[in-house]
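Notes follow the structure.
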Amino acid sequence: MTDPTSPAPGNDRPVAEGLLPGERLSIRMINGLRLAVREWGPPDAPPVVLLHGLRGYSSTWRTLARTLAPSHRLVAVDQRGRGDSDWDPGRNYYTDSYLADLEGVVDSLGLTRFHLIGHSMGGTTSYVYAAKHPMRLGALIIEDIAPGSSARGAGAERIVAEMAALPREFATWGEARAYWRKSRPMLSAEAIEQRMAESLREDAAGRIAWRYDAEGISHTRIAPNPQRIVDLWPAVEALRVPTLVIRGERSDFCAADTVREMTRRNSNISSVTVAGASHYVHDDAPIPYAQHVGRFLAAHPLGSS
């Protein structure tokens, strides 16, 4: 029986939520690129900076914003090559570039001390930033990435395969919807619609294409420059910031054994595994995810040392 609340499977454009109340979007010129910055919550509240994953967007964090925005200022960035930010003409999609962008964004916003949350690729940047700038952070939260995650294992192989087989465009919204349903079978119909609205746009000719530099980002992920790949173990061992690693129980990307080794090597790191969640914990289990984030931030207020 068809669910009457689900979108029709044909050419229908995605049915996605609009802006949250008080959602703000600005453009910052950082390192020669225009980067889109999305914010929620009171401007004078404790700031939390949010970094999305490889194919994410600033709007990825709207679900978390519903929970945190009443008490925090959330700042999310469309990282270079995605969404409303500029694509890099030099295809400079490596951690050192994302790190420089993060440094530029927080400085441009006048954030001298804040919390930092990063998912997957954004987690890599977050580890490196926290190791380099420990005094700027009150707490660090990493979602489902650990040393070695991007280099080996089923999850790394899956992502490379997805990027290699990525369609450059779709003829109809129905095709795009089918792609996302196959790629992310655990997502609800509502989450699929939101993901489509975030990741795709229709041009004047009716072609439906990605809202990110699919060719450049895919190339960097499939055939990276080995000299620019970051070994995360030095950053993990150097962390002096209270750090929580949130791992999905069903993740194929963030190995439980590696997370245990992280907590053994560095007492500043703790971890939690979210039941039933995959690599995309904030999508699969938004309520438990927000609860873990909220509790950890409350335990490490920015005023503490």
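Each chain in the structure tokens gets a letter, A, B, ..., in the order shown, and its residues are numbered from 1; ligands are numbered from 1 in order too.
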
From a backbone DSSP assignment, name each residue in region 17-118 of chain A labelled strand (DSSP E or B), as number ranges by chain. A: 24-30, 33-40, 47-51, 73-77, 82, 114-118

Preceding selection exported with C-alpha atoms as an mmCIF file, in the first residue's frame:
```cif
data_model
loop_
_atom_site.group_PDB
_atom_site.id
_atom_site.type_symbol
_atom_site.label_atom_id
_atom_site.label_comp_id
_atom_site.auth_asym_id
_atom_site.auth_seq_id
_atom_site.Cartn_x
_atom_site.Cartn_y
_atom_site.Cartn_z
ATOM 1 C CA ARG A 24 20.722 33.160 8.691
ATOM 2 C CA LEU A 25 22.916 32.838 5.593
ATOM 3 C CA SER A 26 25.959 34.965 4.821
ATOM 4 C CA ILE A 27 28.858 34.838 2.374
ATOM 5 C CA ARG A 28 32.458 35.170 3.571
ATOM 6 C CA MET A 29 35.457 35.735 1.322
ATOM 7 C CA ILE A 30 38.015 33.234 2.627
ATOM 8 C CA LEU A 33 36.755 31.808 -2.356
ATOM 9 C CA ARG A 34 33.246 32.843 -1.365
ATOM 10 C CA LEU A 35 32.123 30.473 1.395
ATOM 11 C CA ALA A 36 28.500 30.259 2.498
ATOM 12 C CA VAL A 37 27.959 30.295 6.264
ATOM 13 C CA ARG A 38 24.626 29.258 7.772
ATOM 14 C CA GLU A 39 23.727 30.121 11.387
ATOM 15 C CA TRP A 40 21.035 29.328 13.922
ATOM 16 C CA PRO A 47 29.116 29.137 19.526
ATOM 17 C CA VAL A 48 29.290 25.656 18.006
ATOM 18 C CA VAL A 49 30.970 25.274 14.604
ATOM 19 C CA LEU A 50 29.750 22.389 12.416
ATOM 20 C CA LEU A 51 31.664 20.741 9.559
ATOM 21 C CA ARG A 73 24.863 29.771 18.274
ATOM 22 C CA LEU A 74 25.377 27.169 15.570
ATOM 23 C CA VAL A 75 27.670 28.023 12.656
ATOM 24 C CA ALA A 76 27.813 25.661 9.661
ATOM 25 C CA VAL A 77 29.817 26.103 6.469
ATOM 26 C CA ARG A 82 29.695 22.560 -2.191
ATOM 27 C CA PHE A 114 33.942 27.743 20.516
ATOM 28 C CA HIS A 115 32.919 24.100 20.328
ATOM 29 C CA LEU A 116 33.680 22.115 17.168
ATOM 30 C CA ILE A 117 31.718 19.218 15.625
ATOM 31 C CA GLY A 118 32.812 17.387 12.482
#
```

Open item on the list: Would you pick out the contacts of Glu215 (chain A) at 12 Å or less, using only C-alpha atoms, so that residues sharing its chain but fewer than 2 positions from it are not included, and give the list as an MDAnalysis selection string?
Closed with: chainID A and resid 81:82 87:91 93 163:169 209:213 217:223

Those same residues - C-alpha atoms - I'd like them written as a short mmCIF file (atom, residue, chain, number, x, y, z; two decimals), in the first residue's frame.
```cif
data_model
loop_
_atom_site.label_atom_id
_atom_site.label_comp_id
_atom_site.auth_asym_id
_atom_site.auth_seq_id
_atom_site.Cartn_x
_atom_site.Cartn_y
_atom_site.Cartn_z
CA GLY A 81 33.12 23.11 -3.75
CA ARG A 82 29.70 22.56 -2.19
CA TRP A 87 34.14 25.63 -6.39
CA ASP A 88 37.95 25.65 -6.26
CA PRO A 89 39.30 26.13 -9.80
CA GLY A 90 42.49 24.34 -8.72
CA ARG A 91 40.55 21.36 -7.27
CA TYR A 93 40.06 19.64 -1.92
CA MET A 163 32.36 8.40 -6.28
CA ALA A 164 33.67 6.42 -9.26
CA ALA A 165 30.13 5.43 -10.30
CA LEU A 166 28.56 8.80 -9.52
CA PRO A 167 26.07 9.92 -12.19
CA ARG A 168 26.97 13.39 -13.41
CA GLU A 169 23.29 14.32 -13.80
CA ALA A 209 22.89 18.12 -11.52
CA TRP A 210 24.86 18.11 -8.29
CA ARG A 211 25.26 21.24 -6.19
CA TYR A 212 28.92 20.42 -5.66
CA ASP A 213 32.07 19.99 -7.73
CA ILE A 217 35.95 16.17 -5.42
CA SER A 218 35.63 12.67 -6.91
CA HIS A 219 39.09 12.92 -8.43
CA THR A 220 40.63 13.97 -5.12
CA ARG A 221 38.94 11.05 -3.33
CA ILE A 222 39.62 8.38 -5.96
CA ALA A 223 43.19 9.33 -6.87
#
```

Enumerate, as an MDAnalysis selection string, the complete set of residues in region 156-248 of chain A that a backbone-based DSSP assignment places in helix (DSSP H, G or I). chainID A and resid 156:164 173:183 189:199 214:222 226:228 233:238

| query | Counting only C-alpha atoms, which of A:Ala156, A:Ala171, A:Val241, A:Ala298 gets nearest to Asp203 (chain A)? | reply |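 The closest residue to Asp203 (chain A) is A:Ala171.
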
Pick from A:Thr273, A:Ser199, A:Gln194, A:Thr124 nearest to Leu19 (chain A), counting only C-alpha atoms: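 Closest to Leu19 (chain A) of all the choices is A:Gln194.
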
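Atom pair CA of Thr67 (chain A) / CA of Pro21 (chain A) has a distance of 12.7 Å (rounded to one decimal).
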
_Close residues, Ala238 (chain A) itself excluded, 12 Å, only C-alpha atoms, min 4 positions apart in chain, as JSON, numbers by chain_ = {"A": [127, 128, 129, 130, 131, 132, 133, 134, 232, 233, 234, 242, 243, 262, 265, 266, 267, 268, 269]}

From the list A:Gly83, A:Arg113, A:Ala45, A:Leu64, the nearest residue to Leu302 (chain A) using only C-alpha atoms is A:Arg113

*What gap, in Å, lies between CA of Glu237 (chain A) and CA of Arg264 (chain A)?*
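CA of Arg264 (chain A) lies at a distance of 10.0 Å from CA of Glu237 (chain A).
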
Contact residues around Arg195 (chain A) with only C-alpha atoms at 10 Å, ignoring same-chain residues under 4 positions, as a ChimeraX atom specification: /A:14,16,56-57,59-60,177,180,184,187,189-191,199-200,283

Between CA of Gly53 (chain A) and CA of Ser108 (chain A), what is the spacing in Å?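 Spanning CA of Ser108 (chain A) to CA of Gly53 (chain A) is a straight-line distance of 22.2 Å.
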
Option closest in space to Trp173 (chain A), from A:Gly206, A:Gly153, A:Gly122, A:Pro147 [counting only C-alpha atoms]: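 Using only C-alpha atoms, the shortest distance to Trp173 (chain A) belongs to A:Gly206.
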